[in-house]
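Trainee: Quick one: the structure is below, and I'll ask about it shortly.
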Amino acid sequence: GFGVERGSGMAEKAQAAKANGEFEKQYDRQIRLWGLAAQQRMANASVLVIGLRGLAAEICKNLVLAGIGKVALMDDEIVQEEDLGAQYFMLEEHIGKLSRAEASKPQLQELNPLANVSVESGSVDSLTEERIKAFNMVCVTGASWSAQMRLDEMCRKNETAFFAADSHGLFASFFVDLGQHQYTVETKQKADSATQQSTSQAGTLSYPSLTEAMGADWTPFKRISPAFYALQALYAAHDKHGRYMCEGDDAALAEVKAELASKHSVKETVFNDELIKLIGSQAKLDLSAVCSIVAGMVADQVIKGVSGKEKPLNNYFVFDGREGAGTVIALGAPK
């Protein structure tokens with residue numbers, strides 16, 4: 001699987017802090033939770049986050065606070081008025097002047113002086129394998145399916161972990177590809193009234209690529225969230241037509257539903273037109289509460305991936321804010 005040894009060892013700030021005791025002081029509570037070795041692996045890690053709207057801002061905040069050594073931000077889009085709100089790192093004074101990444105960097109850096117927050121110019125379409133080699137993990141938001149699949153394939157060649165996440169108003173989803181991932185699960189049991197015994201169990205997960213996952217058969221799924229099918233139709237239609245489906249798109253939507261039903265061996269009745277259009281109408285809306293919940297989950301999976309502690313999610317998650325509930329789905333993943 002991917003390693004966390006890239007670059008020149010532990011991020012320079014964390015290395016210096018470790019020398020004078022600041023590292024243990026800054027991360028005291030977390031070291032108690034998952035141990036010094038895991039925290040050091042996180043300090044060695046380098047994560048690239050692409051697309052800096054509401055969901056990504058929350059993900060970055062969580063990664064910086066958790067102690068990821070290097071967090072690089074990529075979003076050249078200039079801040080617009082509609083960016084303000086769920087993306088609380090952007091201010092009115094940034095509108096029309098700074099890129100989303102540039103506007104987000106100073107306040108993210110302030111959250112943790114031991115982290116190294118930087119700006120990477122470019123976009124998901126301009127990324128090359130050479131640039132990806134510098135990172136242990138890439139997390140992309142707001143990209144098309146085809147761009148995500150291309151990026152995931154490059155990440156797999158470089159043994160770089162891949163995450164893709166998106167939020168659409170009350171709805172959200174994210175995908176995880178950790179390649180061949182090894183992890184340990186620790187369980188603590190009381191030996192007697194005074195002492196605890198800790199046992200460690202190792203495990204391995206083999207993740208499919210995004211391309212493989214999105215080509216998977218859906219027939220095994222039982223009682224799955226209707227939002228899953230609606231989101232797949234929405235993403236497929238966006239990839240094909242360059243826009244999110246809403247009222248008046250019935251013909252294009254019917255075509256996409258027929259294609260997906262055939263491809264994944266399901267009946268077209270799994271797709272709820274009204275739900276697809278509802279999500280489509282919210283497609284570019286960021287709700288702070290949804291971003292906060294889902295970004296917390298994404299960051300948790302990144303931390304599990306980097307630290308090798310606990311079993312990570314395998315491999316797709318859908319959130320439906322109407323019910324305040326999410327569904328984990330193994331898309332094309334070995335059982």
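Just remember, in the structure tokens the first chain shown is A, the second B, etc., residues are 1-based per chain, and ligands are 1-based in the order shown.
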Which residues come within 12 Å of Ser281 in chain A, counting only C-alpha atoms, excluding same-chain residues fewer than 5 positions away, as a VMD selection string?

Mentor: chain A and resid 168 to 171 234 243 to 249 274 to 276 286

Trainee: As a tab-separated table (two decimals) with all heavy atoms, in the first residue's frame, please: the residues near Lys97 in chain A (cut-off 12 Å, only C-alpha atoms, same-chain neighbours under 5 positions excluded).

Mentor:
chain	number	residue	atom	x	y	z
A	76	ASP	N	-7.66	27.17	-8.05
A	76	ASP	CA	-7.29	28.46	-8.65
A	76	ASP	C	-8.48	29.38	-8.89
A	76	ASP	O	-8.31	30.52	-9.32
A	76	ASP	CB	-6.57	28.23	-10.00
A	76	ASP	CG	-5.16	27.69	-9.82
A	76	ASP	OD1	-4.66	27.71	-8.68
A	76	ASP	OD2	-4.55	27.24	-10.82
A	77	GLU	N	-9.71	28.87	-8.64
A	77	GLU	CA	-10.90	29.70	-8.87
A	77	GLU	C	-10.90	30.91	-7.94
A	77	GLU	O	-10.65	30.78	-6.74
A	77	GLU	CB	-12.18	28.89	-8.63
A	77	GLU	CG	-12.43	27.78	-9.65
A	77	GLU	CD	-12.81	28.34	-11.02
A	77	GLU	OE1	-13.56	29.33	-11.08
A	77	GLU	OE2	-12.33	27.78	-12.03
A	78	ILE	N	-11.17	32.09	-8.52
A	78	ILE	CA	-11.20	33.31	-7.72
A	78	ILE	C	-12.45	33.32	-6.84
A	78	ILE	O	-13.54	32.92	-7.27
A	78	ILE	CB	-11.17	34.57	-8.63
A	78	ILE	CG1	-9.89	34.55	-9.51
A	78	ILE	CG2	-11.24	35.85	-7.82
A	78	ILE	CD1	-8.59	34.58	-8.72
A	79	VAL	N	-12.30	33.78	-5.61
A	79	VAL	CA	-13.41	33.81	-4.65
A	79	VAL	C	-14.56	34.67	-5.18
A	79	VAL	O	-14.35	35.81	-5.62
A	79	VAL	CB	-12.93	34.35	-3.28
A	79	VAL	CG1	-14.11	34.46	-2.31
A	79	VAL	CG2	-11.84	33.46	-2.70
A	80	GLN	N	-15.76	34.11	-5.15
A	80	GLN	CA	-16.98	34.83	-5.53
A	80	GLN	C	-17.87	34.99	-4.30
A	80	GLN	O	-17.69	34.31	-3.29
A	80	GLN	CB	-17.75	34.04	-6.61
A	80	GLN	CG	-16.95	33.72	-7.86
A	80	GLN	CD	-16.50	34.95	-8.63
A	80	GLN	OE1	-17.26	35.92	-8.73
A	80	GLN	NE2	-15.29	34.93	-9.15
A	81	GLU	N	-18.85	35.88	-4.40
A	81	GLU	CA	-19.72	36.14	-3.26
A	81	GLU	C	-20.42	34.88	-2.76
A	81	GLU	O	-20.58	34.67	-1.56
A	81	GLU	CB	-20.77	37.20	-3.64
A	81	GLU	CG	-21.55	37.72	-2.44
A	81	GLU	CD	-22.45	38.90	-2.77
A	81	GLU	OE1	-22.36	39.42	-3.90
A	81	GLU	OE2	-23.24	39.27	-1.90
A	90	MET	N	-13.11	32.02	3.83
A	90	MET	CA	-13.14	33.08	2.83
A	90	MET	C	-13.90	34.29	3.36
A	90	MET	O	-14.97	34.16	3.94
A	90	MET	CB	-13.80	32.58	1.54
A	90	MET	CG	-13.03	31.47	0.87
A	90	MET	SD	-13.81	30.93	-0.64
A	90	MET	CE	-12.90	29.42	-0.95
A	91	LEU	N	-13.32	35.47	3.14
A	91	LEU	CA	-13.90	36.70	3.66
A	91	LEU	C	-14.34	37.61	2.51
A	91	LEU	O	-13.91	37.43	1.36
A	91	LEU	CB	-12.87	37.43	4.53
A	91	LEU	CG	-12.23	36.59	5.65
A	91	LEU	CD1	-11.12	37.37	6.34
A	91	LEU	CD2	-13.28	36.14	6.65
A	92	GLU	N	-15.14	38.60	2.86
A	92	GLU	CA	-15.64	39.53	1.84
A	92	GLU	C	-14.50	40.21	1.09
A	92	GLU	O	-14.59	40.45	-0.11
A	92	GLU	CB	-16.55	40.57	2.52
A	92	GLU	CG	-17.56	41.18	1.56
A	92	GLU	CD	-18.63	41.99	2.28
A	92	GLU	OE1	-19.07	41.56	3.36
A	92	GLU	OE2	-18.99	43.03	1.73
A	102	GLU	N	-5.70	30.36	-1.97
A	102	GLU	CA	-4.94	31.44	-1.32
A	102	GLU	C	-5.72	32.04	-0.15
A	102	GLU	O	-5.15	32.36	0.90
A	102	GLU	CB	-4.61	32.54	-2.34
A	102	GLU	CG	-3.61	32.13	-3.39
A	102	GLU	CD	-3.54	33.12	-4.55
A	102	GLU	OE1	-4.57	33.78	-4.84
A	102	GLU	OE2	-2.47	33.22	-5.16
A	103	ALA	N	-7.03	32.21	-0.33
A	103	ALA	CA	-7.86	32.80	0.72
A	103	ALA	C	-7.97	31.88	1.92
A	103	ALA	O	-8.10	32.35	3.06
A	103	ALA	CB	-9.26	33.09	0.16

Trainee: Can you check which residues of range 6-242 of chain A DSSP gives as helix (DSSP H, G or I) on the backbone and send them as a ChimeraX atom specification?

Mentor: /A:12-19,22-26,28-34,36-44,54-66,81-83,92-94,100-111,129-132,145-157,210-213,226-241

Trainee: Would you please work out which residue, of A:Pro226, A:Gly326, A:Gly308, A:Gly21, is nearest to Gln39 in chain A when using only C-alpha atoms?

Mentor: A:Gly308

Trainee: Restricting the calculation to only C-alpha atoms: of A:Val140, A:Leu178, A:Ala43, A:Ala172, which residue gets closest to Asn116 in chain A?

Mentor: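 Closest to Asn116 in chain A, using only C-alpha atoms: A:Ala43.
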
Trainee: Distance CA of Ala237 in chain A-CA of Leu55 in chain A, one decimal place?

Mentor: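 Distance reported for this atom pair: 22.0 Å.
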
Trainee: Do a neighbour search on Ser167 in chain A at 10 Å with only C-alpha atoms, toss out local chain neighbours closer than 5 positions, and write the hits as number ranges by chain.

Mentor: A: 53-56, 141-142, 172-174, 279, 282-287, 290-291, 294-295, 318-319
